[in-house]
>>> print(open('structure-v9.cif').read())   # mmCIF, C-alpha atoms
data_input
#
loop_
_atom_site.label_atom_id
_atom_site.label_comp_id
_atom_site.auth_asym_id
_atom_site.auth_seq_id
_atom_site.Cartn_x
_atom_site.Cartn_y
_atom_site.Cartn_z
CA MET E 1 165.27 93.74 186.76
CA MET E 2 165.16 93.75 190.58
CA GLU E 3 167.88 91.12 190.52
CA TYR E 4 170.24 93.41 188.60
CA ILE E 5 169.54 96.35 190.89
CA LEU E 6 170.37 94.18 193.91
CA LEU E 7 173.56 92.97 192.22
CA PHE E 8 174.49 96.60 191.56
CA ILE E 9 173.89 97.73 195.15
CA ALA E 10 175.70 94.71 196.56
CA ALA E 11 178.76 95.29 194.37
CA VAL E 12 178.94 99.03 194.99
CA PHE E 13 178.24 99.22 198.71
CA VAL E 14 178.14 95.87 200.49
CA ASN E 15 181.01 94.03 198.81
CA ASN E 16 182.93 97.11 197.79
CA ILE E 17 185.87 95.93 195.72
CA VAL E 18 188.46 98.01 197.56
CA LEU E 19 187.12 98.30 201.07
CA SER E 20 185.84 94.80 201.65
CA GLN E 21 187.47 92.62 199.00
CA PHE E 22 190.95 94.20 198.99
CA LEU E 23 191.40 94.41 195.25
CA GLY E 24 192.99 97.41 193.59
CA ILE E 25 194.65 98.71 196.76
CA CYS E 26 197.78 99.86 194.90
CA PRO E 27 196.02 102.54 192.79
CA PHE E 28 193.72 103.24 195.75
CA VAL E 29 196.71 104.27 197.88
CA GLY E 30 198.92 105.39 195.00
CA VAL E 31 196.85 107.81 192.93
CA SER E 32 194.39 109.15 195.49
CA GLY E 33 196.24 112.38 196.26
CA LYS E 34 193.82 114.58 194.33
CA VAL E 35 190.11 114.15 193.54
CA SER E 36 190.67 114.93 189.85
CA THR E 37 193.31 112.21 189.34
CA ALA E 38 191.22 109.76 191.37
CA ALA E 39 188.23 110.43 189.13
CA GLY E 40 190.37 110.02 185.99
CA MET E 41 191.73 106.70 187.20
CA SER E 42 188.23 105.51 188.11
CA MET E 43 186.90 106.33 184.63
CA ALA E 44 189.76 104.39 183.04
CA VAL E 45 189.11 101.41 185.35
CA LEU E 46 185.37 101.50 184.60
CA PHE E 47 186.07 101.38 180.89
CA VAL E 48 188.66 98.59 180.97
CA THR E 49 186.92 96.43 183.61
CA THR E 50 183.62 96.33 181.76
CA ILE E 51 185.15 95.53 178.37
CA SER E 52 187.66 93.00 179.70
CA SER E 53 184.97 91.16 181.68
CA MET E 54 182.84 90.75 178.55
CA LEU E 55 185.84 89.59 176.54
CA THR E 56 187.14 87.12 179.14
CA TRP E 57 183.64 85.67 179.64
CA VAL E 58 183.29 85.01 175.90
CA VAL E 59 186.79 83.51 175.72
CA VAL E 60 186.14 81.15 178.65
CA LYS E 61 182.77 79.94 177.36
CA HIS E 62 183.68 79.65 173.69
CA VAL E 63 187.39 78.89 173.62
CA LEU E 64 188.73 77.52 176.92
CA ILE E 65 185.81 75.23 177.82
CA PRO E 66 185.38 73.67 174.33
CA LEU E 67 189.13 73.04 174.16
CA GLU E 68 189.19 71.79 177.79
CA ILE E 69 192.07 74.07 178.82
CA GLU E 70 190.34 75.94 181.68
CA TYR E 71 193.50 75.66 183.78
CA LEU E 72 195.15 78.24 181.54
CA GLN E 73 192.54 80.79 182.65
CA THR E 74 194.91 83.03 184.65
CA ALA E 75 197.54 83.23 181.92
CA VAL E 76 194.97 83.83 179.18
CA PHE E 77 193.14 86.51 181.19
CA ILE E 78 196.21 88.57 181.93
CA LEU E 79 197.26 88.46 178.28
CA ILE E 80 193.76 89.56 177.19
CA ILE E 81 193.82 92.43 179.67
CA ALA E 82 197.32 93.55 178.71
CA THR E 83 196.44 93.50 175.01
CA LEU E 84 193.12 95.21 175.62
CA VAL E 85 194.73 98.02 177.59
CA GLN E 86 197.26 98.58 174.82
CA PHE E 87 194.47 98.54 172.23
CA VAL E 88 192.25 100.91 174.21
CA GLU E 89 195.18 103.27 174.58
CA LEU E 90 195.78 103.41 170.81
CA PHE E 91 192.06 103.63 170.07
CA VAL E 92 191.36 106.47 172.49
CA GLN E 93 194.45 108.33 171.26
CA LYS E 94 193.15 108.16 167.69
CA VAL E 95 189.45 108.83 168.32
CA SER E 96 189.48 111.37 171.12
CA PRO E 97 192.76 113.15 171.91
CA SER E 98 191.07 115.15 174.68
CA LEU E 99 189.89 111.97 176.44
CA PHE E 100 193.37 110.53 175.94
CA ARG E 101 194.91 113.49 177.74
CA THR E 102 192.67 112.82 180.75
CA LEU E 103 192.90 108.99 180.82
CA GLY E 104 196.17 108.39 178.97
CA ILE E 105 198.56 108.29 181.89
CA TYR E 106 196.34 105.90 183.88
CA LEU E 107 195.84 103.32 181.18
CA PRO E 108 199.25 101.57 181.38
CA LEU E 109 198.85 101.28 185.16
CA ILE E 110 195.63 99.35 184.76
CA THR E 111 197.33 96.22 183.41
CA THR E 112 198.65 95.49 186.88
CA ASN E 113 195.49 96.64 188.68
CA CYS E 114 194.36 93.46 190.37
CA ALA E 115 190.73 94.68 190.45
CA VAL E 116 190.43 94.19 186.69
CA LEU E 117 191.75 90.62 186.74
CA GLY E 118 189.96 89.91 190.02
CA VAL E 119 186.54 90.85 188.63
CA ALA E 120 187.13 88.76 185.49
CA ILE E 121 187.97 85.71 187.63
CA MET E 122 185.05 86.29 190.02
CA ASN E 123 182.58 86.40 187.09
CA ILE E 124 183.66 82.89 186.15
CA ARG E 125 183.82 81.57 189.74
CA ASN E 126 180.30 82.83 190.49
CA GLU E 127 179.06 81.25 187.26
CA TYR E 128 177.40 84.43 186.01
CA ASP E 129 175.71 84.54 182.60
CA PHE E 130 176.67 87.27 180.14
CA ILE E 131 174.26 89.98 181.37
CA HIS E 132 175.18 89.32 185.01
CA THR E 133 178.84 89.56 184.08
CA VAL E 134 178.35 92.97 182.46
CA VAL E 135 176.28 94.33 185.37
CA HIS E 136 178.70 92.90 187.95
CA ALA E 137 181.79 94.32 186.21
CA PHE E 138 180.19 97.72 185.72
CA SER E 139 178.91 98.05 189.27
CA THR E 140 182.16 96.80 190.81
CA ALA E 141 184.03 99.48 188.88
CA VAL E 142 181.49 102.08 190.06
CA GLY E 143 182.21 100.91 193.61
CA PHE E 144 185.94 101.30 192.98
CA GLY E 145 185.32 104.86 191.70
CA LEU E 146 183.15 105.73 194.68
CA ALA E 147 185.74 104.56 197.21
CA MET E 148 188.53 106.26 195.25
CA VAL E 149 186.82 109.66 195.05
CA ILE E 150 185.70 109.71 198.71
CA PHE E 151 189.18 108.68 199.82
CA ALA E 152 190.87 111.31 197.62
CA GLY E 153 188.54 113.94 199.10
CA ILE E 154 189.61 112.97 202.62
CA ARG E 155 193.29 112.95 201.68
CA GLU E 156 193.05 116.40 200.11
CA ARG E 157 191.86 117.66 203.49
CA GLN E 158 194.58 115.74 205.34
CA ALA E 159 197.25 117.38 203.20
CA LEU E 160 196.45 120.63 204.97
CA CYS E 161 196.88 119.14 208.46
CA ASP E 162 199.99 118.93 210.59
CA ILE E 163 200.60 115.18 210.78
CA PRO E 164 203.27 113.65 213.05
CA GLY E 165 206.28 112.41 211.06
CA PRO E 166 206.06 108.61 211.37
CA LEU E 167 202.35 108.67 210.50
CA GLN E 168 202.84 110.53 207.23
CA GLY E 169 202.24 108.83 203.92
CA THR E 170 201.09 105.23 203.66
CA ALA E 171 200.57 104.65 207.41
CA LEU E 172 197.94 107.39 207.71
CA ALA E 173 196.44 106.48 204.32
CA LEU E 174 195.85 102.90 205.52
CA ILE E 175 194.34 103.93 208.84
CA THR E 176 192.04 106.38 207.03
CA ALA E 177 191.04 103.63 204.61
CA GLY E 178 190.28 101.42 207.62
CA ILE E 179 187.88 103.98 209.08
CA LEU E 180 186.27 104.42 205.66
CA ALA E 181 185.88 100.62 205.43
CA LEU E 182 184.26 100.67 208.87
CA THR E 183 181.58 103.08 207.63
CA PHE E 184 180.94 100.81 204.65
CA THR E 185 180.28 97.83 206.96
CA ALA E 186 177.07 99.64 207.96
CA PHE E 187 175.68 98.66 204.54
CA GLN E 188 176.06 94.99 205.47
CA GLU E 189 173.39 95.38 208.13
CA VAL E 190 171.05 96.99 205.58
CA MET E 191 171.23 94.18 203.04
CA MET Z 192 228.95 95.08 193.51
CA LYS Z 193 227.31 94.23 196.78
CA PRO Z 194 228.17 90.87 198.37
CA LEU Z 195 225.59 88.14 197.74
CA TRP Z 196 224.58 88.00 201.40
CA GLN Z 197 223.43 91.62 201.28
CA GLU Z 198 221.15 90.89 198.32
CA PHE Z 199 219.40 88.44 200.63
CA THR Z 200 219.26 90.52 203.81
CA LYS Z 201 217.92 93.66 202.10
CA GLY Z 202 214.61 91.79 201.81
CA PHE Z 203 214.41 91.95 205.60
CA ASN Z 204 215.47 95.51 206.32
CA ALA Z 205 215.81 98.20 203.64
CA GLN Z 206 213.33 96.66 201.21
CA LEU Z 207 211.06 94.60 203.46
CA PRO Z 208 207.77 94.17 201.60
CA PRO Z 209 205.02 95.26 202.16
CA PHE Z 210 206.21 97.61 204.92
CA ARG Z 211 209.32 99.33 203.54
CA LEU Z 212 208.67 98.53 199.92
CA VAL Z 213 204.95 99.37 199.78
CA LEU Z 214 204.01 96.78 197.17
CA GLY Z 215 201.73 93.77 197.25
CA LEU Z 216 199.23 95.28 199.65
CA CYS Z 217 196.20 93.44 198.27
CA PRO Z 218 197.22 89.92 199.33
CA ALA Z 219 198.80 91.29 202.53
CA LEU Z 220 195.42 92.66 203.61
CA ALA Z 221 193.14 89.99 202.22
CA VAL Z 222 194.56 86.65 203.33
CA THR Z 223 195.99 87.52 206.75
CA THR Z 224 192.88 86.74 208.79
CA THR Z 225 194.74 83.57 209.83
CA VAL Z 226 198.42 82.67 210.21
CA GLU Z 227 197.89 79.88 207.70
CA GLY Z 228 196.60 82.27 205.04
CA GLY Z 229 199.61 84.54 205.42
CA LEU Z 230 202.07 81.65 205.39
CA GLY Z 231 200.48 79.96 202.37
CA MET Z 232 200.30 83.18 200.39
CA GLY Z 233 203.88 84.09 201.31
CA ILE Z 234 205.28 80.73 200.20
CA ALA Z 235 203.26 80.72 196.97
CA THR Z 236 204.54 84.21 196.14
CA LEU Z 237 208.10 83.18 197.04
CA LEU Z 238 207.95 80.21 194.66
CA VAL Z 239 206.60 82.27 191.77
CA LEU Z 240 209.12 85.04 192.44
CA LEU Z 241 212.05 82.62 192.60
CA MET Z 242 211.22 80.84 189.35
CA SER Z 243 210.24 83.96 187.41
CA ASN Z 244 213.35 85.88 188.52
CA LEU Z 245 215.52 82.94 187.41
CA VAL Z 246 213.91 82.62 183.98
CA ILE Z 247 213.69 86.37 183.32
CA SER Z 248 217.32 86.77 184.32
CA LEU Z 249 218.36 83.96 181.96
CA LEU Z 250 216.36 85.50 179.11
CA ARG Z 251 217.38 89.08 179.84
CA ASN Z 252 219.65 89.38 176.79
CA ILE Z 253 217.19 87.71 174.43
CA ILE Z 254 213.98 89.63 175.20
CA PRO Z 255 213.84 92.95 173.29
CA ASN Z 256 213.43 95.90 175.61
CA SER Z 257 210.21 97.15 173.99
CA VAL Z 258 208.20 93.98 174.71
CA ARG Z 259 209.83 93.08 178.02
CA ILE Z 260 206.79 93.80 180.19
CA ALA Z 261 204.49 91.60 178.11
CA ALA Z 262 207.18 88.89 178.01
CA ASN Z 263 207.77 89.10 181.77
CA ILE Z 264 204.04 88.89 182.51
CA SER Z 265 203.79 85.76 180.34
CA VAL Z 266 206.65 84.10 182.23
CA ILE Z 267 205.10 85.02 185.58
CA ALA Z 268 201.64 83.86 184.45
CA GLY Z 269 203.11 80.49 183.49
CA PHE Z 270 204.55 79.94 186.95
CA VAL Z 271 201.36 81.15 188.64
CA VAL Z 272 199.41 78.49 186.73
CA ILE Z 273 201.91 75.84 187.90
CA VAL Z 274 201.62 76.91 191.56
CA GLU Z 275 197.83 77.11 191.22
CA LEU Z 276 197.57 73.55 189.90
CA MET Z 277 199.96 72.20 192.53
CA MET Z 278 198.04 73.83 195.39
CA LYS Z 279 194.73 72.61 193.99
CA ALA Z 280 196.12 69.06 193.96
CA TYR Z 281 198.00 68.91 197.27
CA THR Z 282 196.43 71.53 199.58
CA PRO Z 283 192.82 72.00 198.39
CA THR Z 284 191.64 73.55 201.69
CA LEU Z 285 194.33 76.23 201.61
CA PHE Z 286 193.62 76.77 197.92
CA ASN Z 287 189.99 77.54 198.77
CA ILE Z 288 190.95 79.88 201.63
CA LEU Z 289 193.28 81.91 199.43
CA GLY Z 290 190.78 81.77 196.58
CA VAL Z 291 191.15 84.34 193.86
CA PHE Z 292 194.37 85.71 195.38
CA ILE Z 293 196.48 82.79 194.15
CA SER Z 294 195.64 83.72 190.55
CA LEU Z 295 196.26 87.35 191.41
CA ILE Z 296 199.95 86.69 192.19
CA VAL Z 297 200.35 87.36 188.49
CA VAL Z 298 199.58 91.04 189.04
CA ASN Z 299 201.36 91.27 192.39
CA CYS Z 300 203.55 94.35 192.01
CA ILE Z 301 206.36 92.67 194.00
CA VAL Z 302 206.89 89.94 191.39
CA LEU Z 303 206.77 92.24 188.37
CA GLY Z 304 208.69 94.88 190.31
CA ARG Z 305 211.62 92.53 191.05
CA ALA Z 306 211.71 91.48 187.39
CA GLU Z 307 211.89 95.14 186.35
CA ALA Z 308 214.20 96.38 189.07
CA PHE Z 309 216.54 93.43 189.45
CA ALA Z 310 216.28 90.34 187.26
CA LYS Z 311 216.56 92.17 183.95
CA LYS Z 312 219.94 93.64 184.98
CA ASN Z 313 221.55 90.83 187.01
CA GLY Z 314 222.73 87.27 186.54
CA PRO Z 315 220.67 84.19 187.49
CA VAL Z 316 222.39 83.48 190.83
CA ARG Z 317 222.04 87.02 192.15
CA SER Z 318 218.45 87.17 190.89
CA MET Z 319 217.55 84.00 192.76
CA VAL Z 320 219.16 85.27 195.96
CA ASP Z 321 217.26 88.54 195.54
CA ALA Z 322 214.01 86.61 195.04
CA LEU Z 323 214.70 84.46 198.13
CA GLY Z 324 215.38 87.56 200.26
CA ILE Z 325 212.39 89.60 199.13
CA GLY Z 326 210.11 86.53 199.08
CA SER Z 327 211.00 85.39 202.59
CA GLY Z 328 210.73 88.98 203.86
CA PHE Z 329 207.22 89.10 202.40
CA THR Z 330 206.36 85.70 203.96
CA VAL Z 331 207.58 86.76 207.40
CA SER Z 332 205.63 90.05 207.18
CA LEU Z 333 202.43 88.24 206.22
CA VAL Z 334 202.88 85.69 209.03
CA ILE Z 335 203.37 88.48 211.56
CA LEU Z 336 200.31 90.33 210.31
CA GLY Z 337 198.32 87.07 210.32
CA LEU Z 338 199.54 86.25 213.85
CA VAL Z 339 198.52 89.65 215.24
CA ARG Z 340 195.14 89.59 213.53
CA GLU Z 341 194.25 85.97 214.32
CA VAL Z 342 195.34 86.02 217.96
CA LEU Z 343 193.50 89.28 218.64
CA GLY Z 344 190.51 88.49 216.42
CA ARG Z 345 189.78 84.83 217.13
CA GLY Z 346 192.20 84.01 219.92
CA SER Z 347 193.71 81.12 217.98
CA ILE Z 348 196.68 80.20 215.80
CA THR Z 349 195.87 78.12 212.72
CA LEU Z 350 198.90 76.60 211.05
CA PHE Z 351 197.53 73.97 208.72
CA SER Z 352 193.76 73.39 208.60
CA GLU Z 353 194.20 70.44 206.22
CA ALA Z 354 195.62 68.39 209.11
CA ASN Z 355 193.68 70.41 211.74
CA VAL Z 356 196.79 71.95 213.31
CA LYS Z 357 195.18 74.72 215.33
CA PHE Z 358 195.80 76.16 218.80
CA GLN Z 359 193.19 78.01 220.82
CA LEU Z 360 194.90 80.55 223.10
CA LEU Z 361 192.09 82.84 224.26
CA PRO Z 362 188.45 81.99 225.01
CA GLN Z 363 186.08 83.31 222.33
CA THR Z 364 182.39 84.15 222.14
CA ASP Z 365 180.51 83.56 218.85
CA GLY Z 366 183.85 82.73 217.23
CA TYR Z 367 185.41 86.12 217.96
CA VAL Z 368 187.54 87.76 220.63
CA PHE Z 369 188.00 91.20 219.09
CA ARG Z 370 186.01 91.15 215.90
CA LEU Z 371 187.50 94.27 214.27
CA ALA Z 372 190.88 92.52 213.90
CA VAL Z 373 189.58 89.96 211.40
CA GLU Z 374 187.21 92.34 209.60
CA PRO Z 375 188.27 94.17 206.41
CA ALA Z 376 188.38 97.52 208.23
CA GLY Z 377 190.70 96.03 210.84
CA ALA Z 378 193.11 94.84 208.15
CA PHE Z 379 193.71 98.40 206.97
CA ILE Z 380 194.01 99.78 210.49
CA PHE Z 381 196.39 97.05 211.72
CA LEU Z 382 198.67 97.35 208.70
CA GLY Z 383 198.66 101.14 209.12
CA VAL Z 384 199.58 100.87 212.80
CA ILE Z 385 202.39 98.35 212.11
CA LEU Z 386 203.75 100.71 209.44
CA PHE Z 387 203.57 103.57 211.95
CA VAL Z 388 205.55 101.56 214.53
CA ILE Z 389 208.21 100.64 211.95
CA ASN Z 390 208.52 104.28 210.85
CA LEU Z 391 208.83 105.32 214.48
CA ARG Z 392 211.66 102.83 215.08
CA SER Z 393 213.59 103.66 211.93
CA LYS Z 394 213.36 107.34 212.85
CA LYS Z 395 214.89 106.59 216.25
CA GLU Z 396 217.71 104.63 214.58
CA LYS Z 397 218.46 107.60 212.35
CA VAL Z 398 218.57 109.92 215.36
CA ALA Z 399 220.87 107.50 217.22
CA GLN Z 400 223.29 107.39 214.31
#
>>> encode(input="structure-v9.cif", output="structure tokens")
Amino acid sequence: MMEYILLFIAAVFVNNIVLSQFLGICPFVGVSGKVSTAAGMSMAVLFVTTISSMLTWVVVKHVLIPLEIEYLQTAVFILIIATLVQFVELFVQKVSPSLFRTLGIYLPLITTNCAVLGVAIMNIRNEYDFIHTVVHAFSTAVGFGLAMVIFAGIRERQALCDIPGPLQGTALALITAGILALTFTAFQEVM
Amino acid sequence: MKPLWQEFTKGFNAQLPPFRLVLGLCPALAVTTTVEGGLGMGIATLLVLLMSNLVISLLRNIIPNSVRIAANISVIAGFVVIVELMMKAYTPTLFNILGVFISLIVVNCIVLGRAEAFAKKNGPVRSMVDALGIGSGFTVSLVILGLVREVLGRGSITLFSEANVKFQLLPQTDGYVFRLAVEPAGAFIFLGVILFVINLRSKKEKVAQ
């Protein structure tokens, strides 16, 4: 049990997917204007990352390795994720229209979110078993959500400030993200 | 129609990724702790972009519009696998440095973005020139970012660690000169500052005109 808790803390704080591993920067910069949209995107990512990690793990262990075609991993993974996202979209639309209204617009964007594919590949590279894969995927996505929501909170405040022209937009967003990443490095000393 | 030459040069000014065209930030931040990482990533992306733009442009009248994104991703994924296998065979050290980011070229917004914005509307020659322009712009940007970060962070320039081509410019203690530059936090801050400087210059150009 302790092992899983440590894996969770490491994935959320120490090796935060956005701030120390640089995955999923595009949505991190792109849809972090408001806390509500950031939270919506994070929920969608949590959902898709966890399910796609389980699916890709099973496919690698029971299809790719027996057939000795591990080199097709990247191509197979992206197809699984793209199909899964499409499927989740249809499923959520059918089962819960209210959830679809909140998550719907974020789902198509997730196909090209490198965090989802990145986590799936890392699970295989780190040779995790199934339970580790699930915990790792879930906690990484929680880390993504945490970074997203904090960052959106800061940017909501910044929107009210008078920012010099050339700094506006992505330049300031990146510098802010850098300072946020600096605070997260404090967790490295703790572990 | 614009002359061919302009399709190439736009990759260096109006649409220079990742500074003007803010796409492909993940690899730009992750692999630029050394010059070598930036160069390797840039060239790998350029190769994938060139081949996928060519094929997507040739197939543009065959692929139905409704499934074009899935079809484009499959084409790109195919070329990423080819580049991955080639790097694993010929430059294993670089392959390990770039790690998961080689596979992640498949979701690099630049590659899919050029397919969407250019290759599906233009002929094969123009698409390849476009890919060369954007791809080399991206490579040059990554090399510059890698150069700034490595020289400030470790005081060295690594060009090819496979053959140990490395120059030490500044004396370092514990492997670092200015540690922030090669840390994740530094990546964000340096890219932000470079973007700020570019914005500042383009604003001056506008005023001068």
>>> resolve_selection(input="structure-v9.cif", expression="the PyMOL selection byres ((chain Z) within 9 of (chain E))", output="count of residues only")
49
>>> resolve_selection(input="structure-v9.cif", expression="the PyMOL selection byres ((chain Z and resi 310-318) around 10)", output="short mmCIF file (atom, residue, chain, number, x, y, z; two decimals) with C-alpha atoms, in the frame of the given file")
data_model
loop_
_atom_site.label_atom_id
_atom_site.label_comp_id
_atom_site.auth_asym_id
_atom_site.auth_seq_id
_atom_site.Cartn_x
_atom_site.Cartn_y
_atom_site.Cartn_z
CA PRO Z 194 228.17 90.87 198.37
CA LEU Z 195 225.59 88.14 197.74
CA TRP Z 196 224.58 88.00 201.40
CA GLU Z 198 221.15 90.89 198.32
CA PHE Z 199 219.40 88.44 200.63
CA LEU Z 240 209.12 85.04 192.44
CA LEU Z 241 212.05 82.62 192.60
CA MET Z 242 211.22 80.84 189.35
CA SER Z 243 210.24 83.96 187.41
CA ASN Z 244 213.35 85.88 188.52
CA LEU Z 245 215.52 82.94 187.41
CA VAL Z 246 213.91 82.62 183.98
CA ILE Z 247 213.69 86.37 183.32
CA SER Z 248 217.32 86.77 184.32
CA LEU Z 249 218.36 83.96 181.96
CA LEU Z 250 216.36 85.50 179.11
CA ARG Z 251 217.38 89.08 179.84
CA ASN Z 252 219.65 89.38 176.79
CA ILE Z 254 213.98 89.63 175.20
CA ASN Z 256 213.43 95.90 175.61
CA ARG Z 259 209.83 93.08 178.02
CA ASN Z 263 207.77 89.10 181.77
CA LEU Z 303 206.77 92.24 188.37
CA GLY Z 304 208.69 94.88 190.31
CA ARG Z 305 211.62 92.53 191.05
CA ALA Z 306 211.71 91.48 187.39
CA GLU Z 307 211.89 95.14 186.35
CA ALA Z 308 214.20 96.38 189.07
CA PHE Z 309 216.54 93.43 189.45
CA MET Z 319 217.55 84.00 192.76
CA VAL Z 320 219.16 85.27 195.96
CA ASP Z 321 217.26 88.54 195.54
CA ALA Z 322 214.01 86.61 195.04
CA LEU Z 323 214.70 84.46 198.13
CA GLY Z 324 215.38 87.56 200.26
#
>>> residues_around(input="structure-v9.cif", residues="Met54 of chain E", least_positions_apart="2", cutoff="9 Å", atoms="all atoms listed in the file", output="number ranges by chain")
E: 49-52, 56-59, 120, 130, 133-134, 137
>>> atom_distance(input="structure-v9.cif", atom1="atom CA of Val226 of chain Z", atom2="atom CA of Val334 of chain Z")
5.5 Å
>>> closest_residue(input="structure-v9.cif", among="Z:Thr284, Z:Thr236, Z:Thr223, Z:Ser327", to="Glu341 of chain Z", atoms="only C-alpha atoms")
Z:Thr223
>>> residues_around(input="structure-v9.cif", residues="Val45 of chain E", least_positions_apart="2", cutoff="8 Å", atoms="all atoms listed in the file", output="number ranges by chain")
E: 41-43, 47-49, 110, 116, 141
>>> atom_distance(input="structure-v9.cif", atom1="atom CA of Val342 of chain Z", atom2="atom CA of Gly228 of chain Z")
13.5 Å
>>> residues_around(input="structure-v9.cif", residues="Thr224 of chain Z", least_positions_apart="2", cutoff="6 Å", atoms="only C-alpha atoms", output="list of chain:residue names")
Z:Val222, Z:Gly337, Z:Arg340, Z:Glu341, Z:Val373
>>> atom_distance(input="structure-v9.cif", atom1="atom CA of Val88 of chain E", atom2="atom CA of His62 of chain E")
22.9 Å
>>> residues_around(input="structure-v9.cif", residues="Gly202 of chain Z", least_positions_apart="5", cutoff="6 Å", atoms="only C-alpha atoms", output="VMD selection string")
chain Z and resid 207 324 to 325 328
>>> resolve_selection(input="structure-v9.cif", expression="the PyMOL selection byres ((chain E and resi 139) around 10)", output="PyMOL selection string")
chain E and resi 4-5+7-13+16-17+46+49-50+133-138+140-145
>>> residues_near_point(input="structure-v9.cif", point="(198.5, 74.3, 208.9)", cutoff="12 Å", atoms="all atoms listed in the file", output="count of residues only")
22
>>> decode(input="structure-v9.cif", residues="segment 235-261 of chain Z", atoms="C-alpha atoms", output="PDB file, in the first residue's frame")
ATOM      1  CA  ALA Z 235      13.817  14.214 -36.391  1.00  0.00           C
ATOM      2  CA  THR Z 236      10.771  16.498 -36.510  1.00  0.00           C
ATOM      3  CA  LEU Z 237      11.899  17.921 -39.862  1.00  0.00           C
ATOM      4  CA  LEU Z 238      12.154  14.428 -41.372  1.00  0.00           C
ATOM      5  CA  VAL Z 239       8.727  13.369 -40.132  1.00  0.00           C
ATOM      6  CA  LEU Z 240       7.190  16.662 -41.252  1.00  0.00           C
ATOM      7  CA  LEU Z 241       8.744  16.439 -44.715  1.00  0.00           C
ATOM      8  CA  MET Z 242       7.604  12.886 -45.400  1.00  0.00           C
ATOM      9  CA  SER Z 243       4.142  13.264 -43.881  1.00  0.00           C
ATOM     10  CA  ASN Z 244       3.468  16.534 -45.731  1.00  0.00           C
ATOM     11  CA  LEU Z 245       4.485  14.855 -49.005  1.00  0.00           C
ATOM     12  CA  VAL Z 246       2.284  11.803 -48.510  1.00  0.00           C
ATOM     13  CA  ILE Z 247      -0.715  13.712 -47.142  1.00  0.00           C
ATOM     14  CA  SER Z 248      -0.488  16.157 -50.026  1.00  0.00           C
ATOM     15  CA  LEU Z 249      -0.400  13.291 -52.547  1.00  0.00           C
ATOM     16  CA  LEU Z 250      -3.398  11.638 -50.889  1.00  0.00           C
ATOM     17  CA  ARG Z 251      -5.343  14.852 -50.365  1.00  0.00           C
ATOM     18  CA  ASN Z 252      -7.936  14.097 -53.049  1.00  0.00           C
ATOM     19  CA  ILE Z 253      -8.386  10.473 -51.999  1.00  0.00           C
ATOM     20  CA  ILE Z 254      -8.907  10.828 -48.237  1.00  0.00           C
ATOM     21  CA  PRO Z 255     -12.544  11.717 -47.405  1.00  0.00           C
ATOM     22  CA  ASN Z 256     -12.790  14.919 -45.413  1.00  0.00           C
ATOM     23  CA  SER Z 257     -14.615  13.333 -42.466  1.00  0.00           C
ATOM     24  CA  VAL Z 258     -11.819  10.877 -41.599  1.00  0.00           C
ATOM     25  CA  ARG Z 259      -8.888  13.074 -42.583  1.00  0.00           C
ATOM     26  CA  ILE Z 260      -7.576  13.618 -39.045  1.00  0.00           C
ATOM     27  CA  ALA Z 261      -7.474   9.894 -38.264  1.00  0.00           C
TER      28      ALA Z 261
END
